[in-house]
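start06.cif (mmCIF, C-alpha atoms (C1' of nucleotides))
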```cif
data_target
#
loop_
_atom_site.label_atom_id
_atom_site.label_comp_id
_atom_site.auth_asym_id
_atom_site.auth_seq_id
_atom_site.Cartn_x
_atom_site.Cartn_y
_atom_site.Cartn_z
CA MET N 1 84.34 13.11 72.45
CA THR N 2 85.51 9.54 72.07
CA ARG N 3 88.63 8.28 73.78
CA ARG N 4 90.27 7.98 70.40
CA GLN N 5 89.67 11.62 69.60
CA GLU N 6 90.98 12.58 73.01
CA ILE N 7 94.18 10.63 72.40
CA MET N 8 94.61 12.07 68.91
CA GLY N 9 94.05 15.61 70.10
CA THR N 10 96.41 15.30 73.04
CA ALA N 11 99.03 13.69 70.85
CA LEU N 12 98.87 16.53 68.34
CA GLY N 13 99.34 19.06 71.12
CA LEU N 14 102.41 17.30 72.43
CA MET N 15 103.83 16.83 68.98
CA ARG N 16 103.45 20.45 68.16
CA ASN N 17 105.42 21.43 71.25
CA LYS N 18 108.10 18.79 71.22
CA GLY N 19 108.10 17.50 67.68
CA TYR N 20 106.83 14.18 66.37
CA LEU N 21 109.95 12.14 66.98
CA ASN N 22 110.48 13.62 70.39
CA THR N 23 107.00 12.69 71.56
CA SER N 24 106.91 9.13 72.82
CA MET N 25 103.93 6.89 73.16
CA ARG N 26 104.56 7.05 76.91
CA ASP N 27 104.36 10.84 76.78
CA ILE N 28 101.02 10.62 75.07
CA ALA N 29 99.78 7.93 77.42
CA SER N 30 100.61 9.81 80.58
CA ALA N 31 98.99 12.94 79.18
CA VAL N 32 95.71 11.06 78.93
CA ASN N 33 96.29 9.11 82.16
CA MET N 34 96.88 5.65 80.89
CA GLU N 35 99.66 3.25 80.08
CA ALA N 36 101.41 3.32 76.74
CA ALA N 37 100.25 -0.15 75.82
CA SER N 38 96.61 0.85 76.33
CA LEU N 39 96.82 3.38 73.55
CA TYR N 40 96.86 0.50 71.11
CA ASN N 41 93.27 -0.30 71.99
CA HIS N 42 92.33 2.95 70.27
CA ILE N 43 94.92 3.66 67.63
CA LYS N 44 96.85 1.40 65.31
CA ASN N 45 100.28 2.80 65.99
CA LYS N 46 102.23 6.02 66.28
CA GLU N 47 102.44 6.66 62.60
CA GLU N 48 98.69 6.56 62.26
CA ILE N 49 98.54 9.82 64.16
CA LEU N 50 100.83 11.46 61.65
CA THR N 51 99.26 9.85 58.60
CA ASN N 52 95.72 10.71 59.64
CA THR N 53 96.60 14.31 60.31
CA CYS N 54 98.66 14.94 57.22
CA PHE N 55 96.15 13.40 54.84
CA GLY N 56 93.21 14.93 56.65
CA LEU N 57 94.53 18.40 56.06
CA ALA N 58 95.58 17.59 52.54
CA GLU N 59 92.01 16.61 51.80
CA ALA N 60 90.55 19.73 53.36
CA LEU N 61 92.84 21.93 51.28
CA GLU N 62 92.10 20.03 48.10
CA LEU N 63 88.37 20.31 48.61
CA GLY N 64 88.69 24.05 48.97
CA ILE N 65 90.79 24.62 45.89
CA LYS N 66 88.47 22.51 43.74
CA ASP N 67 85.62 24.83 44.60
CA VAL N 68 87.71 27.81 43.64
CA ASN N 69 88.60 26.46 40.24
CA ASP N 70 85.09 25.32 39.46
CA ILE N 71 83.74 28.81 39.75
CA TYR N 72 84.45 30.97 36.77
CA PHE N 73 86.05 34.07 38.21
CA ASN N 74 89.02 36.11 37.24
CA ALA N 75 92.42 35.27 38.66
CA ALA N 76 92.38 37.94 41.34
CA GLU N 77 89.07 36.66 42.70
CA LYS N 78 90.25 33.09 42.52
CA LEU N 79 93.44 33.89 44.35
CA LYS N 80 91.50 35.69 47.02
CA MET N 81 89.25 32.69 47.53
CA ALA N 82 92.14 30.25 47.51
CA ILE N 83 93.96 32.26 50.15
CA HIS N 84 90.84 32.53 52.24
CA ASN N 85 90.34 28.80 52.07
CA HIS N 86 93.94 28.01 52.90
CA ILE N 87 93.98 30.28 55.93
CA THR N 88 90.66 28.92 57.16
CA VAL N 89 91.92 25.35 57.04
CA ILE N 90 95.33 26.12 58.50
CA THR N 91 94.02 28.13 61.45
CA GLN N 92 91.34 25.56 62.29
CA ASP N 93 93.67 23.31 64.27
CA LEU N 94 97.15 24.71 64.80
CA ASN N 95 98.49 21.48 66.23
CA ALA N 96 97.40 19.53 63.20
CA SER N 97 98.75 22.21 60.91
CA HIS N 98 102.15 21.99 62.50
CA LEU N 99 102.32 18.29 61.75
CA PHE N 100 101.05 18.87 58.25
CA ILE N 101 103.61 21.54 57.50
CA HIS N 102 106.67 20.30 59.36
CA GLU N 103 106.48 16.67 60.30
CA TRP N 104 105.28 14.97 57.12
CA ARG N 105 108.94 14.16 56.46
CA HIS N 106 108.66 11.41 59.03
CA LEU N 107 105.94 9.55 57.21
CA SER N 108 107.02 6.13 55.99
CA GLU N 109 108.43 6.29 52.50
CA ALA N 110 105.30 5.08 50.72
CA MET N 111 103.04 7.54 52.55
CA ARG N 112 105.56 10.31 52.12
CA ASN N 113 105.64 9.91 48.37
CA GLN N 114 101.88 9.92 48.23
CA PHE N 115 101.80 13.03 50.38
CA ILE N 116 104.35 14.85 48.27
CA SER N 117 102.46 14.19 45.09
CA ARG N 118 99.22 15.53 46.55
CA ARG N 119 101.08 18.53 47.84
CA ASP N 120 102.58 19.14 44.42
CA SER N 121 99.22 18.99 42.72
CA TYR N 122 97.80 21.44 45.24
CA GLU N 123 100.68 23.75 44.45
CA LYS N 124 99.95 23.37 40.79
CA GLU N 125 96.38 24.56 41.27
CA PHE N 126 97.71 27.68 42.90
CA ARG N 127 100.24 28.12 40.13
CA ASP N 128 97.52 27.88 37.51
CA ILE N 129 95.80 30.84 39.09
CA VAL N 130 98.97 32.89 38.80
CA ILE N 131 99.36 31.84 35.19
CA LEU N 132 95.73 32.68 34.45
CA GLY N 133 96.25 36.14 35.90
CA PHE N 134 99.11 36.71 33.51
CA GLU N 135 97.10 35.47 30.54
CA GLU N 136 94.29 37.82 31.50
CA GLY N 137 96.81 40.64 31.43
CA GLU N 138 96.10 41.39 35.07
CA PHE N 139 99.21 39.95 36.71
CA LYS N 140 102.82 40.82 36.08
CA ASP N 141 105.11 38.53 34.13
CA VAL N 142 106.61 36.77 37.13
CA ASP N 143 108.01 33.27 37.32
CA PRO N 144 104.85 31.39 38.33
CA LYS N 145 106.66 28.73 40.30
CA PHE N 146 108.66 31.28 42.22
CA ALA N 147 105.58 33.36 42.94
CA THR N 148 103.53 30.38 44.06
CA LEU N 149 106.16 29.12 46.46
CA THR N 150 106.54 32.56 47.92
CA ILE N 151 102.81 32.92 48.40
CA LEU N 152 102.40 29.51 50.00
CA ALA N 153 105.30 30.18 52.33
CA SER N 154 103.52 33.28 53.62
CA LEU N 155 100.25 31.43 54.03
CA ASN N 156 101.74 28.49 55.88
CA TRP N 157 103.74 30.69 58.17
CA VAL N 158 100.50 32.05 59.57
CA SER N 159 100.20 28.84 61.57
CA GLU N 160 103.34 29.83 63.46
CA TRP N 161 102.11 33.13 64.80
CA TYR N 162 98.33 32.99 64.67
CA ARG N 163 96.66 32.83 68.07
CA PRO N 164 92.90 32.22 68.24
CA GLN N 165 92.66 34.65 71.15
CA GLY N 166 94.67 37.30 69.30
CA GLU N 167 93.19 40.35 67.69
CA MET N 168 93.47 39.22 64.08
CA GLN N 169 90.95 36.60 63.00
CA PRO N 170 91.34 34.25 60.03
CA LYS N 171 89.08 36.25 57.77
CA GLU N 172 91.01 39.45 58.37
CA ILE N 173 94.33 37.66 58.00
CA ALA N 174 93.25 36.27 54.64
CA GLU N 175 92.16 39.70 53.45
CA LYS N 176 95.40 41.38 54.48
CA LEU N 177 97.45 38.65 52.90
CA THR N 178 95.53 38.91 49.66
CA GLN N 179 96.03 42.64 49.67
CA PHE N 180 99.73 42.24 50.40
CA ILE N 181 100.28 39.60 47.75
CA LEU N 182 98.38 41.47 45.06
CA SER N 183 99.72 44.95 45.54
CA GLY N 184 102.73 44.79 47.87
CA LEU N 185 104.09 47.13 50.45
CA GLN N 186 104.84 50.22 48.48
CA LYS N 187 102.46 53.02 47.61
CA ASN N 188 102.32 53.79 43.91
CA MET R 1 139.60 20.72 55.79
CA THR R 2 140.02 19.54 59.36
CA ARG R 3 138.43 16.37 60.59
CA ARG R 4 136.14 18.46 62.76
CA GLN R 5 134.85 20.42 59.80
CA GLU R 6 134.35 17.20 57.90
CA ILE R 7 132.28 15.78 60.74
CA MET R 8 130.26 18.96 61.11
CA GLY R 9 129.56 19.19 57.41
CA THR R 10 128.55 15.58 57.09
CA ALA R 11 126.35 15.83 60.16
CA LEU R 12 124.53 18.84 58.75
CA GLY R 13 123.87 16.99 55.54
CA LEU R 14 122.39 14.02 57.36
CA MET R 15 120.38 16.23 59.65
CA ARG R 16 118.88 18.12 56.79
CA ASN R 17 117.70 14.91 55.17
CA LYS R 18 116.55 12.99 58.21
CA GLY R 19 116.05 15.64 60.84
CA TYR R 20 118.20 16.38 63.88
CA LEU R 21 116.58 13.91 66.26
CA ASN R 22 116.50 11.20 63.65
CA THR R 23 120.21 11.46 62.97
CA SER R 24 122.19 9.39 65.46
CA MET R 25 125.83 9.77 66.38
CA ARG R 26 126.32 6.36 64.83
CA ASP R 27 124.82 7.63 61.56
CA ILE R 28 127.25 10.51 61.54
CA ALA R 29 130.17 8.29 62.49
CA SER R 30 129.58 5.77 59.77
CA ALA R 31 129.20 8.54 57.21
CA VAL R 32 132.74 9.68 58.00
CA ASN R 33 134.02 6.12 58.46
CA MET R 34 134.67 6.00 62.13
CA GLU R 35 133.09 4.77 65.33
CA ALA R 36 130.55 6.86 67.20
CA ALA R 37 132.78 7.20 70.23
CA SER R 38 135.59 8.64 68.15
CA LEU R 39 133.48 11.62 67.22
CA TYR R 40 133.96 12.87 70.76
CA ASN R 41 137.61 13.50 70.05
CA HIS R 42 136.52 16.27 67.72
CA ILE R 43 133.22 17.58 68.97
CA LYS R 44 131.86 18.05 72.45
CA ASN R 45 128.53 16.35 71.93
CA LYS R 46 125.58 16.14 69.60
CA GLU R 47 124.05 19.38 70.68
CA GLU R 48 127.21 21.28 69.86
CA ILE R 49 126.48 20.65 66.20
CA LEU R 50 123.09 22.26 66.53
CA THR R 51 124.23 25.09 68.77
CA ASN R 52 127.18 25.99 66.58
CA THR R 53 125.07 26.06 63.46
CA CYS R 54 122.14 27.99 64.85
CA PHE R 55 124.24 30.67 66.48
CA GLY R 56 126.62 30.84 63.55
CA LEU R 57 123.82 31.75 61.20
CA ALA R 58 122.26 34.08 63.72
CA GLU R 59 125.51 35.97 63.86
CA ALA R 60 125.86 36.18 60.10
CA LEU R 61 122.36 37.58 59.76
CA GLU R 62 122.89 40.07 62.55
CA LEU R 63 126.10 41.34 61.03
CA GLY R 64 124.32 41.96 57.78
CA ILE R 65 121.38 43.84 59.21
CA LYS R 66 123.65 46.08 61.27
CA ASP R 67 125.34 47.24 58.10
CA VAL R 68 121.99 48.00 56.56
CA ASN R 69 120.83 50.14 59.43
CA ASP R 70 124.10 52.03 59.76
CA ILE R 71 123.83 53.34 56.25
CA TYR R 72 121.40 56.17 55.88
CA PHE R 73 119.14 55.14 53.07
CA ASN R 74 115.42 55.26 52.57
CA ALA R 75 113.29 52.34 53.66
CA ALA R 76 112.94 50.82 50.21
CA GLU R 77 116.71 50.73 49.77
CA LYS R 78 117.20 49.36 53.25
CA LEU R 79 114.66 46.63 52.67
CA LYS R 80 116.31 45.72 49.42
CA MET R 81 119.68 45.40 51.13
CA ALA R 82 118.27 43.48 54.06
CA ILE R 83 116.61 40.99 51.73
CA HIS R 84 119.76 40.64 49.70
CA ASN R 85 121.76 39.94 52.82
CA HIS R 86 119.27 37.46 54.17
CA ILE R 87 119.14 35.50 50.93
CA THR R 88 122.91 35.51 50.63
CA VAL R 89 123.34 34.03 54.10
CA ILE R 90 120.53 31.52 53.78
CA THR R 91 121.65 30.16 50.42
CA GLN R 92 125.27 29.87 51.47
CA ASP R 93 124.84 26.54 53.23
CA LEU R 94 121.44 24.96 52.78
CA ASN R 95 122.11 22.23 55.31
CA ALA R 96 122.97 24.73 57.99
CA SER R 97 119.99 26.87 57.05
CA HIS R 98 117.67 23.95 57.53
CA LEU R 99 118.89 23.47 61.07
CA PHE R 100 118.70 27.19 61.73
CA ILE R 101 115.15 27.47 60.49
CA HIS R 102 113.61 24.19 61.61
CA GLU R 103 115.62 22.44 64.27
CA TRP R 104 116.45 25.19 66.76
CA ARG R 105 113.49 23.91 68.77
CA HIS R 106 115.67 21.06 69.93
CA LEU R 107 118.26 23.27 71.53
CA SER R 108 118.45 22.88 75.29
CA GLU R 109 116.18 25.29 77.06
CA ALA R 110 118.85 27.83 77.97
CA MET R 111 120.25 27.95 74.46
CA ARG R 112 116.78 28.00 72.99
CA ASN R 113 115.78 31.05 74.96
CA GLN R 114 118.95 32.82 73.93
CA PHE R 115 118.30 31.90 70.33
CA ILE R 116 114.72 33.11 70.40
CA SER R 117 115.69 36.45 71.81
CA ARG R 118 118.32 37.00 69.12
CA ARG R 119 115.79 35.96 66.51
CA ASP R 120 113.28 38.40 67.89
CA SER R 121 115.70 41.25 67.79
CA TYR R 122 116.58 40.45 64.21
CA GLU R 123 112.91 40.51 63.39
CA LYS R 124 112.63 43.87 65.09
CA GLU R 125 115.30 45.34 62.85
CA PHE R 126 113.29 44.25 59.86
CA ARG R 127 110.13 45.64 61.39
CA ASP R 128 111.81 49.00 61.94
CA ILE R 129 112.45 49.25 58.24
CA VAL R 130 108.76 48.69 57.52
CA ILE R 131 107.84 51.32 60.08
CA LEU R 132 110.37 53.74 58.64
CA GLY R 133 108.85 53.27 55.22
CA PHE R 134 105.46 54.25 56.57
CA GLU R 135 106.87 57.30 58.33
CA GLU R 136 108.52 58.34 55.11
CA GLY R 137 105.13 58.11 53.45
CA GLU R 138 106.46 55.54 51.03
CA PHE R 139 104.90 52.36 52.45
CA LYS R 140 101.26 51.58 53.01
CA ASP R 141 99.73 51.61 56.46
CA VAL R 142 100.09 47.88 57.11
CA ASP R 143 100.46 46.13 60.42
CA PRO R 144 104.28 46.09 60.68
CA LYS R 145 104.45 42.87 62.65
CA PHE R 146 102.20 41.09 60.22
CA ALA R 147 104.13 42.40 57.23
CA THR R 148 107.49 41.49 58.70
CA LEU R 149 106.50 37.94 59.51
CA THR R 150 105.10 37.50 56.04
CA ILE R 151 108.27 38.81 54.46
CA LEU R 152 110.56 36.65 56.55
CA ALA R 153 108.47 33.59 55.82
CA SER R 154 109.02 34.14 52.11
CA LEU R 155 112.73 34.69 52.57
CA ASN R 156 113.28 31.63 54.71
CA TRP R 157 111.30 29.43 52.40
CA VAL R 158 113.88 30.03 49.72
CA SER R 159 116.12 27.56 51.53
CA GLU R 160 113.57 24.85 50.75
CA TRP R 161 113.56 25.16 47.01
CA TYR R 162 116.82 26.90 46.11
CA ARG R 163 119.31 24.68 44.28
CA PRO R 164 122.82 26.00 43.68
CA GLN R 165 122.85 24.33 40.26
CA GLY R 166 119.44 25.74 39.36
CA GLU R 167 118.87 28.66 37.04
CA MET R 168 118.07 31.29 39.64
CA GLN R 169 121.03 32.57 41.59
CA PRO R 170 120.87 34.26 45.02
CA LYS R 171 121.25 37.76 43.62
CA GLU R 172 118.39 37.29 41.20
CA ILE R 173 116.23 35.66 43.84
CA ALA R 174 116.77 38.61 46.15
CA GLU R 175 115.86 41.07 43.42
CA LYS R 176 112.68 39.26 42.48
CA LEU R 177 111.66 38.93 46.08
CA THR R 178 112.24 42.61 46.70
CA GLN R 179 110.19 43.45 43.64
CA PHE R 180 107.43 41.09 44.75
CA ILE R 181 107.32 42.37 48.30
CA LEU R 182 107.36 46.01 47.32
CA SER R 183 104.83 45.99 44.52
CA GLY R 184 103.03 42.64 44.53
CA LEU R 185 101.62 40.51 41.81
CA GLN R 186 99.03 42.75 40.21
CA LYS R 187 99.61 45.33 37.51
CA ASN R 188 98.32 48.77 38.41
"C1'" DA M 1 165.17 8.37 73.89
"C1'" DA M 2 161.35 9.99 76.75
"C1'" DA M 3 157.20 12.30 77.23
"C1'" DA M 4 153.07 14.18 75.59
"C1'" DC M 5 149.54 14.58 72.41
"C1'" DT M 6 146.13 13.08 68.77
"C1'" DA M 7 142.80 10.30 67.06
"C1'" DA M 8 141.25 6.14 66.49
"C1'" DC M 9 139.40 1.81 68.68
"C1'" DT M 10 136.33 -1.77 71.69
"C1'" DA M 11 133.20 -2.39 75.22
"C1'" DA M 12 129.92 -1.08 77.98
"C1'" DC M 13 126.38 1.63 80.62
"C1'" DA M 14 122.00 3.26 81.65
"C1'" DC M 15 118.11 4.56 79.45
"C1'" DT M 16 114.42 5.15 76.00
"C1'" DT M 17 111.94 3.63 72.00
"C1'" DG M 18 107.55 1.44 69.67
"C1'" DT M 19 105.14 -2.49 70.10
"C1'" DT M 20 103.15 -7.21 71.46
"C1'" DA M 21 101.25 -10.86 74.48
"C1'" DG M 22 98.65 -12.10 78.02
"C1'" DT M 23 95.76 -10.84 81.85
"C1'" DT M 24 92.54 -8.27 84.58
"C1'" DT M 25 89.10 -4.79 85.27
"C1'" DT M 26 85.12 -2.03 83.82
"C1'" DC M 27 80.75 -1.44 82.09
"C1'" DC M 28 76.60 -1.98 79.59
"C1'" DA M 29 72.83 -4.81 77.36
"C1'" DA M 30 70.03 -8.81 77.85
"C1'" DT C 1 72.58 -11.08 87.48
"C1'" DT C 2 75.29 -12.48 84.07
"C1'" DG C 3 77.92 -12.75 79.54
"C1'" DG C 4 80.84 -10.56 76.73
"C1'" DA C 5 82.98 -6.95 74.65
"C1'" DA C 6 85.76 -2.85 75.45
"C1'" DA C 7 89.46 -0.89 77.64
"C1'" DA C 8 92.56 -0.85 80.93
"C1'" DC C 9 96.65 -3.18 83.06
"C1'" DT C 10 101.65 -5.58 83.76
"C1'" DA C 11 105.60 -7.39 81.82
"C1'" DA C 12 108.59 -7.91 78.49
"C1'" DC C 13 110.95 -7.65 73.89
"C1'" DA C 14 114.45 -6.27 70.72
"C1'" DA C 15 116.47 -2.43 69.00
"C1'" DG C 16 118.50 1.92 69.33
"C1'" DT C 17 120.05 6.22 72.05
"C1'" DG C 18 124.04 9.53 73.64
"C1'" DT C 19 127.88 9.15 76.09
"C1'" DT C 20 131.95 7.50 79.04
"C1'" DA C 21 135.95 4.63 80.23
"C1'" DG C 22 139.92 2.55 79.11
"C1'" DT C 23 143.20 1.32 75.65
"C1'" DT C 24 146.29 1.55 71.67
"C1'" DA C 25 148.87 2.97 67.70
"C1'" DG C 26 151.11 6.70 65.56
"C1'" DT C 27 152.98 11.27 65.54
"C1'" DT C 28 155.06 15.44 67.52
"C1'" DT C 29 157.56 17.87 70.99
"C1'" DT C 30 161.00 18.12 74.54
#
```
Can you give me the file's structure in the form of structure tokens?
Amino acid sequence: MTRRQEIMGTALGLMRNKGYLNTSMRDIASAVNMEAASLYNHIKNKEEILTNTCFGLAEALELGIKDVNDIYFNAAEKLKMAIHNHITVITQDLNASHLFIHEWRHLSEAMRNQFISRRDSYEKEFRDIVILGFEEGEFKDVDPKFATLTILASLNWVSEWYRPQGEMQPKEIAEKLTQFILSGLQKN
Amino acid sequence: MTRRQEIMGTALGLMRNKGYLNTSMRDIASAVNMEAASLYNHIKNKEEILTNTCFGLAEALELGIKDVNDIYFNAAEKLKMAIHNHITVITQDLNASHLFIHEWRHLSEAMRNQFISRRDSYEKEFRDIVILGFEEGEFKDVDPKFATLTILASLNWVSEWYRPQGEMQPKEIAEKLTQFILSGLQKN
DNA sequence: AAAACTAACTAACACTTGTTAGTTTTCCAA
DNA sequence: TTGGAAAACTAACAAGTGTTAGTTAGTTTT
């Protein structure tokens, strides 16, 4: 592991605990046993940490959803795959996910706008699956936007409670979520 | 409206946009046309804004869920009422909700612990409804903790996209969410 | 009229922030 | 063994932080 990766990783851990704004360069430095100024030999500046992380995860999610939409399945199968992909990415690095989900607001305006638009287009891909399901006659006539936001909220929230050492592993989480989203809580 | 309420309200608005840490006392002061120091004639300190808001909403939610559990209904009815209550509280003041949901981490440690324990016990009340539904034979055999977290994630997320001027009003949102949570996306 | 209270002000304190400049140490390849 | 890059250091900067002290004008109560 390079020094840069060590700094990045440590920074993400601190930022997950204390928040991005509340984590100072000096906090990061002392966590890796150096002076704040020395960090700049390895990273450009504080925002790079946030930018790198947010766009890294965005890319990973986008890659996954492209695969899903390229394969010609029915909506239920597509949704299942999309959920599986999302959970896999999100649970990979919980520290990074926290930044991605909560701290992107603190990106500089230009980066933030770029981020939002990529986020929106990811959402749209999800929404298209919901719409497809309706057109197939398989899904109920729900408001697609409403449904999509609700689904994504559930998926993202996993990063708050998932513990790698816990009993539920990403694959199982994805399956249960798919089940829950498709057919709900109630017996029929 | 008292000056104190004006300050509180303005502060919440700023904090929702920029985040709690990123909103300075000077920001708040200039938004209500006074000097930062003058704010201290009306509020104790910055943290009071956060504390007040977080515990205010906690109380509102608790009050609601007590009502639900006092009435002897079946689980489906209870869940419906609990969701309705939650959405009503959350959509009441979006600025406050944002602090409640996202910024409680920045409470001082003592307050934070208190907050977390009240949050946990609220969650437990929800979980009990899910368990009741299973015991009644009405709900599927899901992991109650998992289901509850998923449900609450969906409910809280409403505060991110709900717009008072929009076409969906709290009552309708609650109904659709209940529908979605109980019977999912798929036709049967 | 005197006293007390309210709510604003200016000025300042002590500290923290991200970052840069300039310098020294470390370490590896030739 | 030495030259040079990489990576650490110290010192400092300009700006911003929450908060306190002391003061003042205006209003309300005694």
Contacts of range 12-17 of chain M within 12 Å, all atoms listed in the file, excl. fewer than 6 positions in-chain, as a list in words: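 Contacts, in chain order: Leu21, Asn22, Thr23, Ser24, Met25, Arg26, Asp27, Ala36 and Lys46 of chain N; Ala37 of chain R; DC13, DA14, DA15, DG16, DT17, DG18, DT19, DT20, DA21 and DG22 of chain C.
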Provide the CA of Asn17 in chain R to CA of Glu109 in chain N distance in Å, to one decimal place. 12.9 Å
Counting only C-alpha atoms (C1' of nucleotides), what is within 10 Å of range 85-94 of chain R, bar same-chain residues fewer than 2 positions away, as a ChimeraX atom specification? /R:9,12-13,16,57-58,60-65,67-68,79-83,96-101,152,155-164,169-175,177
Can you write out the residues you just picked, keeping C-alpha atoms, as a compact mmCIF listing (two decimals), in the frame of the given file?
```
# COMPACT_ATOMS: atom_id res chain seq x y z
CA GLY R 9 129.56 19.19 57.41
CA LEU R 12 124.53 18.84 58.75
CA GLY R 13 123.87 16.99 55.54
CA ARG R 16 118.88 18.12 56.79
CA LEU R 57 123.82 31.75 61.20
CA ALA R 58 122.26 34.08 63.72
CA ALA R 60 125.86 36.18 60.10
CA LEU R 61 122.36 37.58 59.76
CA GLU R 62 122.89 40.07 62.55
CA LEU R 63 126.10 41.34 61.03
CA GLY R 64 124.32 41.96 57.78
CA ILE R 65 121.38 43.84 59.21
CA ASP R 67 125.34 47.24 58.10
CA VAL R 68 121.99 48.00 56.56
CA LEU R 79 114.66 46.63 52.67
CA LYS R 80 116.31 45.72 49.42
CA MET R 81 119.68 45.40 51.13
CA ALA R 82 118.27 43.48 54.06
CA ILE R 83 116.61 40.99 51.73
CA ALA R 96 122.97 24.73 57.99
CA SER R 97 119.99 26.87 57.05
CA HIS R 98 117.67 23.95 57.53
CA LEU R 99 118.89 23.47 61.07
CA PHE R 100 118.70 27.19 61.73
CA ILE R 101 115.15 27.47 60.49
CA LEU R 152 110.56 36.65 56.55
CA LEU R 155 112.73 34.69 52.57
CA ASN R 156 113.28 31.63 54.71
CA TRP R 157 111.30 29.43 52.40
CA VAL R 158 113.88 30.03 49.72
CA SER R 159 116.12 27.56 51.53
CA GLU R 160 113.57 24.85 50.75
CA TRP R 161 113.56 25.16 47.01
CA TYR R 162 116.82 26.90 46.11
CA ARG R 163 119.31 24.68 44.28
CA PRO R 164 122.82 26.00 43.68
CA GLN R 169 121.03 32.57 41.59
CA PRO R 170 120.87 34.26 45.02
CA LYS R 171 121.25 37.76 43.62
CA GLU R 172 118.39 37.29 41.20
CA ILE R 173 116.23 35.66 43.84
CA ALA R 174 116.77 38.61 46.15
CA GLU R 175 115.86 41.07 43.42
CA LEU R 177 111.66 38.93 46.08
```
Would you give me, as a tab-separated table, each residue of chain N having an atom within 7 Å of an atom of chain R, along with its shortest atom pair and that distance in Å to one decimal, using all atoms listed in the file and sorting by chain and residue number?
```
residue	atom	partner	partner_atom	distance
N:Leu21	CA	R:Leu21	CA	6.9
N:Glu138	CA	R:Lys187	CA	5.8
N:Phe139	CA	R:Gln186	CA	4.5
N:Lys140	CA	R:Lys187	CA	5.7
N:Thr150	CA	R:Ser154	CA	5.1
N:Ala153	CA	R:Ser154	CA	5.4
N:Ser154	CA	R:Thr150	CA	5.1
N:Trp157	CA	R:Ala153	CA	6.0
N:Phe180	CA	R:Gly184	CA	6.7
N:Ile181	CA	R:Gly184	CA	5.2
N:Leu182	CA	R:Leu185	CA	4.7
N:Ser183	CA	R:Gly184	CA	4.2
N:Gly184	CA	R:Gly184	CA	4.0
N:Leu185	CA	R:Leu182	CA	4.7
N:Gln186	CA	R:Phe139	CA	4.5
N:Lys187	CA	R:Phe139	CA	5.5
```
Would you export the selected residues with C-alpha atoms as a PDB file, in the coordinates of the input, please?
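Result written to out_0.pdb:
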```pdb
ATOM      1  CA  LEU N  21     109.950  12.140  66.980  1.00  0.00           C
ATOM      2  CA  GLU N 138      96.100  41.390  35.070  1.00  0.00           C
ATOM      3  CA  PHE N 139      99.210  39.950  36.710  1.00  0.00           C
ATOM      4  CA  LYS N 140     102.820  40.820  36.080  1.00  0.00           C
ATOM      5  CA  THR N 150     106.540  32.560  47.920  1.00  0.00           C
ATOM      6  CA  ALA N 153     105.300  30.180  52.330  1.00  0.00           C
ATOM      7  CA  SER N 154     103.520  33.280  53.620  1.00  0.00           C
ATOM      8  CA  TRP N 157     103.740  30.690  58.170  1.00  0.00           C
ATOM      9  CA  PHE N 180      99.730  42.240  50.400  1.00  0.00           C
ATOM     10  CA  ILE N 181     100.280  39.600  47.750  1.00  0.00           C
ATOM     11  CA  LEU N 182      98.380  41.470  45.060  1.00  0.00           C
ATOM     12  CA  SER N 183      99.720  44.950  45.540  1.00  0.00           C
ATOM     13  CA  GLY N 184     102.730  44.790  47.870  1.00  0.00           C
ATOM     14  CA  LEU N 185     104.090  47.130  50.450  1.00  0.00           C
ATOM     15  CA  GLN N 186     104.840  50.220  48.480  1.00  0.00           C
ATOM     16  CA  LYS N 187     102.460  53.020  47.610  1.00  0.00           C
TER      17      LYS N 187
END
```
For chain C versus chain N, which residues have an atom no more than 9 Å away, and what is each residue's nearest atom pair and distance in Å rounded to one decimal, using only C-alpha atoms (C1' of nucleotides), chain-then-number order, as CSV?
```
residue,atom,partner,partner_atom,distance
C:DA6,C1',N:Asn41,CA,8.7
C:DA7,C1',N:Asn41,CA,6.8
C:DA8,C1',N:Ser38,CA,6.4
C:DC9,C1',N:Glu35,CA,7.7
```
Please check the contacts: residues of chain M at most 8 Å away from chain R, using only C-alpha atoms (C1' of nucleotides), listed as a count of residues only. 3
Hey, what comes out of the PyMOL selection byres ((chain M and resi 3) around 10) on this file? Could you write it as a list in words?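 Applying the PyMOL selection byres ((chain M and resi 3) around 10) to the structure shown produces DA1, DA2, DA4 and DC5 of chain M; DT29 and DT30 of chain C.
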Mind pulling up the distance from C1' of DC28 in chain M to C1' of DT1 in chain C?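 Computing the Euclidean distance for C1' of DT1 in chain C and C1' of DC28 in chain M yields 12.7 Å.
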Point (97.1, -1.6, 90.0), cut-off 10 Å, counting all atoms listed in the file, residues as a PyMOL selection string: (chain M and resi 24-25) or (chain C and resi 9-10)
Figure out the distance between CA of Ile116 in chain R and CA of Trp104 in chain R, please, to one decimal in Å.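 For CA of Trp104 in chain R relative to CA of Ile116 in chain R, the distance reads 8.9 Å.
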